[in-house]
$ cat coords09.pdb   # PDB, C-alpha atoms
MODEL        1
ATOM      1  CA  MET B1226      -5.604  -2.914  -6.734  1.00  0.00           C
ATOM      2  CA  THR B1227      -2.852  -0.340  -6.931  1.00  0.00           C
ATOM      3  CA  VAL B1228      -2.738   2.551  -4.487  1.00  0.00           C
ATOM      4  CA  VAL B1229      -2.047   5.834  -6.294  1.00  0.00           C
ATOM      5  CA  ARG B1230       0.715   8.039  -4.910  1.00  0.00           C
ATOM      6  CA  LEU B1231       1.254  11.693  -4.196  1.00  0.00           C
ATOM      7  CA  GLY B1232       1.484  13.470  -7.538  1.00  0.00           C
ATOM      8  CA  ASN B1233      -1.552  11.741  -9.062  1.00  0.00           C
ATOM      9  CA  ASP B1234      -4.159  14.439  -9.792  1.00  0.00           C
ATOM     10  CA  ILE B1235      -7.077  12.319  -8.558  1.00  0.00           C
ATOM     11  CA  LEU B1236      -5.849  12.754  -4.974  1.00  0.00           C
ATOM     12  CA  ARG B1237      -6.503  16.496  -5.260  1.00  0.00           C
ATOM     13  CA  GLN B1238     -10.021  16.276  -6.716  1.00  0.00           C
ATOM     14  CA  LYS B1239     -13.279  16.390  -4.791  1.00  0.00           C
ATOM     15  CA  ALA B1240     -14.871  12.956  -5.252  1.00  0.00           C
ATOM     16  CA  LEU B1241     -18.333  12.533  -6.760  1.00  0.00           C
ATOM     17  CA  PRO B1242     -21.297  10.998  -4.912  1.00  0.00           C
ATOM     18  CA  VAL B1243     -22.091   7.314  -5.411  1.00  0.00           C
ATOM     19  CA  GLU B1244     -25.364   7.359  -7.343  1.00  0.00           C
ATOM     20  CA  GLU B1245     -26.457   3.793  -6.590  1.00  0.00           C
ATOM     21  CA  ILE B1246     -25.122   1.045  -4.359  1.00  0.00           C
ATOM     22  CA  THR B1247     -24.756  -1.868  -6.756  1.00  0.00           C
ATOM     23  CA  ASP B1248     -23.039  -5.254  -6.687  1.00  0.00           C
ATOM     24  CA  GLU B1249     -20.075  -3.505  -8.305  1.00  0.00           C
ATOM     25  CA  ILE B1250     -19.856  -1.043  -5.380  1.00  0.00           C
ATOM     26  CA  ARG B1251     -20.131  -3.920  -2.870  1.00  0.00           C
ATOM     27  CA  GLU B1252     -17.329  -5.774  -4.659  1.00  0.00           C
ATOM     28  CA  LEU B1253     -15.245  -2.599  -4.718  1.00  0.00           C
ATOM     29  CA  SER B1254     -15.720  -2.314  -0.939  1.00  0.00           C
ATOM     30  CA  ARG B1255     -14.476  -5.888  -0.439  1.00  0.00           C
ATOM     31  CA  GLU B1256     -11.490  -5.348  -2.725  1.00  0.00           C
ATOM     32  CA  MET B1257     -10.609  -2.091  -0.974  1.00  0.00           C
ATOM     33  CA  LEU B1258     -10.638  -3.816   2.421  1.00  0.00           C
ATOM     34  CA  VAL B1259      -8.297  -6.514   1.092  1.00  0.00           C
ATOM     35  CA  THR B1260      -5.968  -3.940  -0.493  1.00  0.00           C
ATOM     36  CA  MET B1261      -5.940  -1.921   2.750  1.00  0.00           C
ATOM     37  CA  GLU B1262      -5.083  -4.999   4.831  1.00  0.00           C
ATOM     38  CA  GLU B1263      -2.340  -6.115   2.419  1.00  0.00           C
ATOM     39  CA  ALA B1264      -0.772  -2.648   2.656  1.00  0.00           C
ATOM     40  CA  ASP B1265      -0.992  -2.688   6.494  1.00  0.00           C
ATOM     41  CA  GLY B1266      -3.334   0.298   6.381  1.00  0.00           C
ATOM     42  CA  VAL B1267      -6.242   1.188   8.644  1.00  0.00           C
ATOM     43  CA  GLY B1268      -8.223   3.088   6.023  1.00  0.00           C
ATOM     44  CA  LEU B1269      -8.474   3.459   2.259  1.00  0.00           C
ATOM     45  CA  ALA B1270     -10.490   5.934   0.206  1.00  0.00           C
ATOM     46  CA  ALA B1271     -11.700   5.300  -3.346  1.00  0.00           C
ATOM     47  CA  PRO B1272      -9.616   8.173  -4.804  1.00  0.00           C
ATOM     48  CA  GLN B1273      -6.523   6.339  -3.517  1.00  0.00           C
ATOM     49  CA  ILE B1274      -7.263   3.509  -5.934  1.00  0.00           C
ATOM     50  CA  GLY B1275      -8.036   5.865  -8.808  1.00  0.00           C
ATOM     51  CA  LYS B1276     -11.822   6.080  -8.394  1.00  0.00           C
ATOM     52  CA  SER B1277     -13.246   9.544  -7.822  1.00  0.00           C
ATOM     53  CA  ILE B1278     -16.268   8.453  -5.774  1.00  0.00           C
ATOM     54  CA  ARG B1279     -17.299   9.308  -2.202  1.00  0.00           C
ATOM     55  CA  MET B1280     -16.487   6.022  -0.533  1.00  0.00           C
ATOM     56  CA  PHE B1281     -13.913   4.768   1.952  1.00  0.00           C
ATOM     57  CA  VAL B1282     -13.250   1.753   4.145  1.00  0.00           C
ATOM     58  CA  VAL B1283     -11.680   1.560   7.596  1.00  0.00           C
ATOM     59  CA  LYS B1284     -10.571  -1.047  10.075  1.00  0.00           C
ATOM     60  CA  ALA B1285      -9.186   0.780  13.080  1.00  0.00           C
ATOM     61  CA  ASP B1286      -8.166  -0.364  16.542  1.00  0.00           C
ATOM     62  CA  ASP B1287     -11.583  -1.909  17.267  1.00  0.00           C
ATOM     63  CA  GLY B1288     -11.032  -4.451  14.452  1.00  0.00           C
ATOM     64  CA  VAL B1289     -14.403  -3.734  12.798  1.00  0.00           C
ATOM     65  CA  GLU B1290     -14.451  -3.427   8.996  1.00  0.00           C
ATOM     66  CA  ARG B1291     -16.618  -0.492   7.978  1.00  0.00           C
ATOM     67  CA  THR B1292     -17.605   0.934   4.602  1.00  0.00           C
ATOM     68  CA  PHE B1293     -18.708   4.570   4.327  1.00  0.00           C
ATOM     69  CA  ILE B1294     -20.567   5.590   1.165  1.00  0.00           C
ATOM     70  CA  ASN B1295     -21.480   9.267   0.602  1.00  0.00           C
ATOM     71  CA  PRO B1296     -20.407  10.138   4.161  1.00  0.00           C
ATOM     72  CA  GLN B1297     -21.012  13.456   5.876  1.00  0.00           C
ATOM     73  CA  ILE B1298     -19.322  14.532   9.082  1.00  0.00           C
ATOM     74  CA  ILE B1299     -22.171  16.257  10.893  1.00  0.00           C
ATOM     75  CA  ALA B1300     -20.456  17.180  14.167  1.00  0.00           C
ATOM     76  CA  THR B1301     -16.969  17.540  15.599  1.00  0.00           C
ATOM     77  CA  SER B1302     -15.807  18.160  19.149  1.00  0.00           C
ATOM     78  CA  ASN B1303     -14.126  21.374  20.210  1.00  0.00           C
ATOM     79  CA  GLU B1304     -11.390  19.288  21.824  1.00  0.00           C
ATOM     80  CA  LEU B1305      -8.445  18.865  19.469  1.00  0.00           C
ATOM     81  CA  VAL B1306      -5.685  16.247  19.702  1.00  0.00           C
ATOM     82  CA  GLY B1307      -2.444  15.657  17.845  1.00  0.00           C
ATOM     83  CA  TYR B1308      -1.350  12.241  16.647  1.00  0.00           C
ATOM     84  CA  GLU B1309       1.161  10.942  14.132  1.00  0.00           C
ATOM     85  CA  GLU B1310      -0.417  10.118  10.777  1.00  0.00           C
ATOM     86  CA  GLY B1311       0.803   8.459   7.623  1.00  0.00           C
ATOM     87  CA  CYS B1312      -0.878   7.619   4.340  1.00  0.00           C
ATOM     88  CA  LEU B1313      -0.737   4.729   1.881  1.00  0.00           C
ATOM     89  CA  SER B1314      -0.498   7.338  -0.901  1.00  0.00           C
ATOM     90  CA  ILE B1315       2.552   8.965   0.752  1.00  0.00           C
ATOM     91  CA  PRO B1316       4.447   5.927   2.067  1.00  0.00           C
ATOM     92  CA  LYS B1317       7.164   6.266   4.721  1.00  0.00           C
ATOM     93  CA  TYR B1318       6.241   9.839   5.717  1.00  0.00           C
ATOM     94  CA  TYR B1319       4.667  10.536   9.099  1.00  0.00           C
ATOM     95  CA  GLU B1320       3.762  13.782  10.833  1.00  0.00           C
ATOM     96  CA  ASP B1321       1.675  14.920  13.787  1.00  0.00           C
ATOM     97  CA  VAL B1322      -1.736  16.191  12.694  1.00  0.00           C
ATOM     98  CA  ILE B1323      -4.187  18.012  14.948  1.00  0.00           C
ATOM     99  CA  ARG B1324      -7.816  16.965  14.547  1.00  0.00           C
ATOM    100  CA  PRO B1325     -11.035  16.953  16.586  1.00  0.00           C
ATOM    101  CA  GLU B1326     -11.053  14.204  19.244  1.00  0.00           C
ATOM    102  CA  LYS B1327     -14.668  13.189  18.501  1.00  0.00           C
ATOM    103  CA  ILE B1328     -16.874  13.210  15.419  1.00  0.00           C
ATOM    104  CA  THR B1329     -20.341  12.194  14.345  1.00  0.00           C
ATOM    105  CA  ILE B1330     -20.663  10.900  10.795  1.00  0.00           C
ATOM    106  CA  GLN B1331     -23.588   9.764   8.670  1.00  0.00           C
ATOM    107  CA  ALA B1332     -23.197   7.486   5.665  1.00  0.00           C
ATOM    108  CA  ARG B1333     -24.526   4.407   3.939  1.00  0.00           C
ATOM    109  CA  ASN B1334     -22.877   1.025   4.271  1.00  0.00           C
ATOM    110  CA  GLU B1335     -22.192  -1.423   1.440  1.00  0.00           C
ATOM    111  CA  LYS B1336     -25.745  -2.766   1.802  1.00  0.00           C
ATOM    112  CA  GLY B1337     -27.179   0.704   1.271  1.00  0.00           C
ATOM    113  CA  ARG B1338     -28.316   1.131   4.874  1.00  0.00           C
ATOM    114  CA  ARG B1339     -28.021   4.590   6.411  1.00  0.00           C
ATOM    115  CA  PHE B1340     -26.131   4.800   9.680  1.00  0.00           C
ATOM    116  CA  THR B1341     -24.853   7.393  12.110  1.00  0.00           C
ATOM    117  CA  LEU B1342     -21.640   6.726  14.016  1.00  0.00           C
ATOM    118  CA  GLU B1343     -20.192   8.643  16.928  1.00  0.00           C
ATOM    119  CA  ALA B1344     -16.466   7.994  17.051  1.00  0.00           C
ATOM    120  CA  ASP B1345     -13.600   9.194  19.188  1.00  0.00           C
ATOM    121  CA  GLY B1346      -9.893   8.564  19.523  1.00  0.00           C
ATOM    122  CA  PHE B1347      -8.120   6.610  16.820  1.00  0.00           C
ATOM    123  CA  LEU B1348     -11.303   5.615  14.952  1.00  0.00           C
ATOM    124  CA  ALA B1349     -12.376   9.269  14.707  1.00  0.00           C
ATOM    125  CA  ARG B1350      -8.925  10.177  13.393  1.00  0.00           C
ATOM    126  CA  VAL B1351      -8.934   7.442  10.736  1.00  0.00           C
ATOM    127  CA  ILE B1352     -12.417   8.455   9.570  1.00  0.00           C
ATOM    128  CA  GLN B1353     -11.400  12.125   9.315  1.00  0.00           C
ATOM    129  CA  HIS B1354      -8.239  11.217   7.392  1.00  0.00           C
ATOM    130  CA  GLU B1355     -10.209   9.132   4.877  1.00  0.00           C
ATOM    131  CA  TYR B1356     -12.985  11.730   4.643  1.00  0.00           C
ATOM    132  CA  ASP B1357     -10.327  14.305   3.732  1.00  0.00           C
ATOM    133  CA  HIS B1358      -9.378  12.140   0.741  1.00  0.00           C
ATOM    134  CA  LEU B1359     -12.928  12.576  -0.598  1.00  0.00           C
ATOM    135  CA  GLU B1360     -12.404  16.343  -0.406  1.00  0.00           C
ATOM    136  CA  GLY B1361      -9.044  16.229  -2.213  1.00  0.00           C
ATOM    137  CA  VAL B1362      -7.163  16.933   1.033  1.00  0.00           C
ATOM    138  CA  LEU B1363      -4.072  15.022   2.182  1.00  0.00           C
ATOM    139  CA  PHE B1364      -2.750  14.841   5.743  1.00  0.00           C
ATOM    140  CA  ILE B1365       0.288  16.885   4.727  1.00  0.00           C
ATOM    141  CA  ASP B1366      -2.099  19.776   3.967  1.00  0.00           C
ATOM    142  CA  ARG B1367      -2.773  19.921   7.717  1.00  0.00           C
ATOM    143  CA  ILE B1368       0.838  20.356   8.832  1.00  0.00           C
ATOM    144  CA  ASP B1369       3.351  23.216   8.818  1.00  0.00           C
ATOM    145  CA  PRO B1370       3.668  24.493   5.207  1.00  0.00           C
ATOM    146  CA  ALA B1371       7.470  24.266   5.268  1.00  0.00           C
ATOM    147  CA  LYS B1372       7.343  20.609   6.375  1.00  0.00           C
ATOM    148  CA  LYS B1373       4.694  19.919   3.740  1.00  0.00           C
ATOM    149  CA  ALA B1374       6.871  21.421   0.997  1.00  0.00           C
ATOM    150  CA  LYS B1375       9.884  19.318   2.084  1.00  0.00           C
ATOM    151  CA  ILE B1376       7.824  16.099   2.110  1.00  0.00           C
ATOM    152  CA  GLU B1377       6.314  16.840  -1.303  1.00  0.00           C
ATOM    153  CA  GLN B1378       9.723  17.593  -2.778  1.00  0.00           C
ATOM    154  CA  LYS B1379      11.409  14.508  -1.266  1.00  0.00           C
ATOM    155  CA  PHE B1380       8.549  12.265  -2.327  1.00  0.00           C
ATOM    156  CA  LEU B1381       8.376  13.628  -5.850  1.00  0.00           C
ATOM    157  CA  ASP B1382      12.186  13.468  -6.211  1.00  0.00           C
ATOM    158  CA  LYS B1383      12.088   9.792  -5.153  1.00  0.00           C
ATOM    159  CA  ALA B1384       9.203   9.074  -7.524  1.00  0.00           C
ATOM    160  CA  GLY B1385      11.227  10.600 -10.358  1.00  0.00           C
ATOM    161  CA  GLU B1386      14.113   8.242  -9.592  1.00  0.00           C
ATOM    162  CA  GLU B1387      11.946   5.109  -9.778  1.00  0.00           C
TER     163      GLU B1387
ENDMDL
END
$ encode --input "coords09.pdb" --output "C-alpha cells"
Amino acid sequence: MTVVRLGNDILRQKALPVEEITDEIRELSREMLVTMEEADGVGLAAPQIGKSIRMFVVKADDGVERTFINPQIIATSNELVGYEEGCLSIPKYYEDVIRPEKITIQARNEKGRRFTLEADGFLARVIQHEYDHLEGVLFIDRIDPAKKAKIEQKFLDKAGEE
C-alpha cells in the first residue's frame, strides 16, 4: 500500500461510512496495520491510503493493534495537553498540537463488534489524530496558521522537485 501525501485531495475530504464489514474490509484492516508498521507509524487512516471510508488502525504505546470502523468520539476531557505530532502523509514535519487528554470513542472492530474505549495520554492522542483524517483534517490544521503555511509550502515545493 502507498501512503498518500499532503496535496492529495482525498486527505481533505470527509470520509464515507463503511456500509458493511466484509472480508474485504477485514483484509484492508490487516494490510493497513502492516503498512503502518513498515512506515514506523502508530496509526493509519483509510484516506491516507486513498480510500475515503471511515476506518483507521492504531498501535500505540500499549502495543495493542486496534481497528476502528465508523468511529464516533462521544466525550472529551476539559484538560488539554500539547505533544509533538507527525503524520505519515506529511513525512519529516513535526509540531506541538494541543488536544484533549482523555476521550471516549465508540466504533466497530474488524469483526463487526461494537465497542466503547476510554483512552488517555498517547493512545487518546493517536486516536484523535486518526479520527481527524476521517473528517478531512490534518494535524497542521491545529497549529499556528503561519507555521502551517510554511510547512505546506515547503512540503509542496519538495514534492514538486521529486
$ residues_around --input "coords09.pdb" --residues "B:Lys1276" --least-positions-apart "2" --cutoff "12 Å" --atoms "all atoms listed in the file" --output "PyMOL selection string"
chain B and resi 1226-1229+1233-1236+1238-1243+1250+1253-1254+1257+1269-1274+1278-1281+1358-1359
$ atom_distance --input "coords09.pdb" --atom1 "atom CA of B:Arg1230" --atom2 "atom CA of B:Val1362"
13.3 Å
$ closest_atom_pairs --input "coords09.pdb" --of "stretch 1355-1386 of chain B" --to "stretch 1293-1311 of chain B" --cutoff "12 Å" --atoms "only C-alpha atoms" --output "CSV"
residue,atom,partner,partner_atom,distance
B:Glu1355,CA,B:Phe1293,CA,9.7
B:Tyr1356,CA,B:Pro1296,CA,7.6
B:Asp1357,CA,B:Ile1298,CA,10.5
B:His1358,CA,B:Pro1296,CA,11.7
B:Leu1359,CA,B:Pro1296,CA,9.2
B:Glu1360,CA,B:Gln1297,CA,11.0
B:Leu1363,CA,B:Gly1311,CA,9.8
B:Phe1364,CA,B:Glu1310,CA,7.3
B:Ile1365,CA,B:Gly1311,CA,8.9
B:Asp1366,CA,B:Glu1310,CA,11.9
B:Arg1367,CA,B:Glu1310,CA,10.5
B:Ile1368,CA,B:Glu1310,CA,10.5
B:Ile1376,CA,B:Gly1311,CA,11.7
$ closest_residue --input "coords09.pdb" --among "B:Ala1285, B:Arg1350, B:Glu1245, B:Lys1379" --to "B:Arg1338" --atoms "all atoms listed in the file"
B:Glu1245
$ axis_aligned_box --input "coords09.pdb" --around "stretch 1296-1314 of chain B" --padding-each-side "6 Å" --output "lines of an AutoDock Vina configuration file"
center_x = -10.5
center_y = 13.1
center_z = 10.5
size_x = 35.3
size_y = 28.6
size_z = 34.7
$ atom_distance --input "coords09.pdb" --atom1 "atom CA of B:Lys1327" --atom2 "atom CA of B:Leu1313"
23.3 Å
$ atom_distance --input "coords09.pdb" --atom1 "atom CA of B:Thr1292" --atom2 "atom CA of B:Tyr1319"
24.7 Å
$ resolve_selection --input "coords09.pdb" --expression "the PyMOL selection byres ((chain B and resi 1337) around 10)" --output "list of chain:residue names"
B:Glu1245, B:Ile1246, B:Thr1247, B:Arg1251, B:Phe1293, B:Ile1294, B:Ala1332, B:Arg1333, B:Asn1334, B:Glu1335, B:Lys1336, B:Arg1338, B:Arg1339, B:Phe1340
$ closest_residue --input "coords09.pdb" --among "B:Gly1346, B:Gly1266, B:Pro1316, B:Gly1288" --to "B:Phe1380" --atoms "all atoms listed in the file"
B:Pro1316
$ residues_around --input "coords09.pdb" --residues "B:Thr1341" --least-positions-apart "2" --cutoff "7 Å" --atoms "all atoms listed in the file" --output "number ranges by chain"
B: 1329-1332, 1343
$ resolve_selection --input "coords09.pdb" --expression "the PyMOL selection byres ((chain B and resi 1348) around 12)" --output "PyMOL selection string"
chain B and resi 1267-1268+1282-1291+1324-1330+1342-1347+1349-1355
$ decode --input "coords09.pdb" --residues "stretch 1306-1326 of chain B" --atoms "N, CA and C atoms" --output "tab-separated table (two decimals), in the first residue's frame"
chain	number	residue	atom	x	y	z
B	1306	VAL	N	-3.70	18.94	26.54
B	1306	VAL	CA	-2.25	18.76	26.63
B	1306	VAL	C	-1.64	18.93	25.25
B	1307	GLY	N	-0.42	19.43	25.23
B	1307	GLY	CA	0.33	19.58	23.99
B	1307	GLY	C	1.33	18.44	23.86
B	1308	TYR	N	1.57	18.03	22.64
B	1308	TYR	CA	2.52	16.96	22.37
B	1308	TYR	C	2.93	17.05	20.91
B	1309	GLU	N	4.16	16.70	20.62
B	1309	GLU	CA	4.64	16.77	19.25
B	1309	GLU	C	4.01	15.66	18.40
B	1310	GLU	N	3.45	16.06	17.27
B	1310	GLU	CA	2.84	15.10	16.35
B	1310	GLU	C	3.51	15.17	14.99
B	1311	GLY	N	3.44	14.06	14.29
B	1311	GLY	CA	3.86	13.97	12.91
B	1311	GLY	C	2.79	13.18	12.18
B	1312	CYS	N	3.00	12.94	10.90
B	1312	CYS	CA	1.99	12.24	10.11
B	1312	CYS	C	2.67	11.55	8.93
B	1313	LEU	N	2.25	10.31	8.66
B	1313	LEU	CA	2.82	9.57	7.53
B	1313	LEU	C	2.53	10.26	6.20
B	1314	SER	N	1.48	11.09	6.15
B	1314	SER	CA	1.15	11.82	4.93
B	1314	SER	C	1.91	13.14	4.80
B	1315	ILE	N	2.61	13.53	5.88
B	1315	ILE	CA	3.43	14.75	5.85
B	1315	ILE	C	4.77	14.39	6.50
B	1316	PRO	N	5.54	13.51	5.85
B	1316	PRO	CA	6.76	13.00	6.49
B	1316	PRO	C	7.77	14.09	6.82
B	1317	LYS	N	8.46	13.87	7.94
B	1317	LYS	CA	9.58	14.71	8.39
B	1317	LYS	C	9.16	16.06	8.94
B	1318	TYR	N	7.89	16.28	9.19
B	1318	TYR	CA	7.42	17.53	9.78
B	1318	TYR	C	6.71	17.20	11.09
B	1319	TYR	N	7.11	17.91	12.14
B	1319	TYR	CA	6.59	17.66	13.48
B	1319	TYR	C	6.28	19.00	14.15
B	1320	GLU	N	5.16	19.05	14.84
B	1320	GLU	CA	4.76	20.25	15.56
B	1320	GLU	C	3.96	19.86	16.80
B	1321	ASP	N	4.01	20.73	17.81
B	1321	ASP	CA	3.19	20.52	19.00
B	1321	ASP	C	1.73	20.81	18.67
B	1322	VAL	N	0.86	19.89	19.08
B	1322	VAL	CA	-0.58	20.03	18.87
B	1322	VAL	C	-1.26	19.88	20.22
B	1323	ILE	N	-2.21	20.76	20.50
B	1323	ILE	CA	-2.95	20.69	21.76
B	1323	ILE	C	-4.25	19.94	21.51
B	1324	ARG	N	-4.47	18.91	22.34
B	1324	ARG	CA	-5.68	18.09	22.22
B	1324	ARG	C	-6.18	17.72	23.61
B	1325	PRO	N	-7.44	17.26	23.70
B	1325	PRO	CA	-7.92	16.76	24.99
B	1325	PRO	C	-7.07	15.58	25.49
B	1326	GLU	N	-6.84	15.54	26.79
B	1326	GLU	CA	-6.03	14.48	27.41
B	1326	GLU	C	-6.74	13.13	27.36
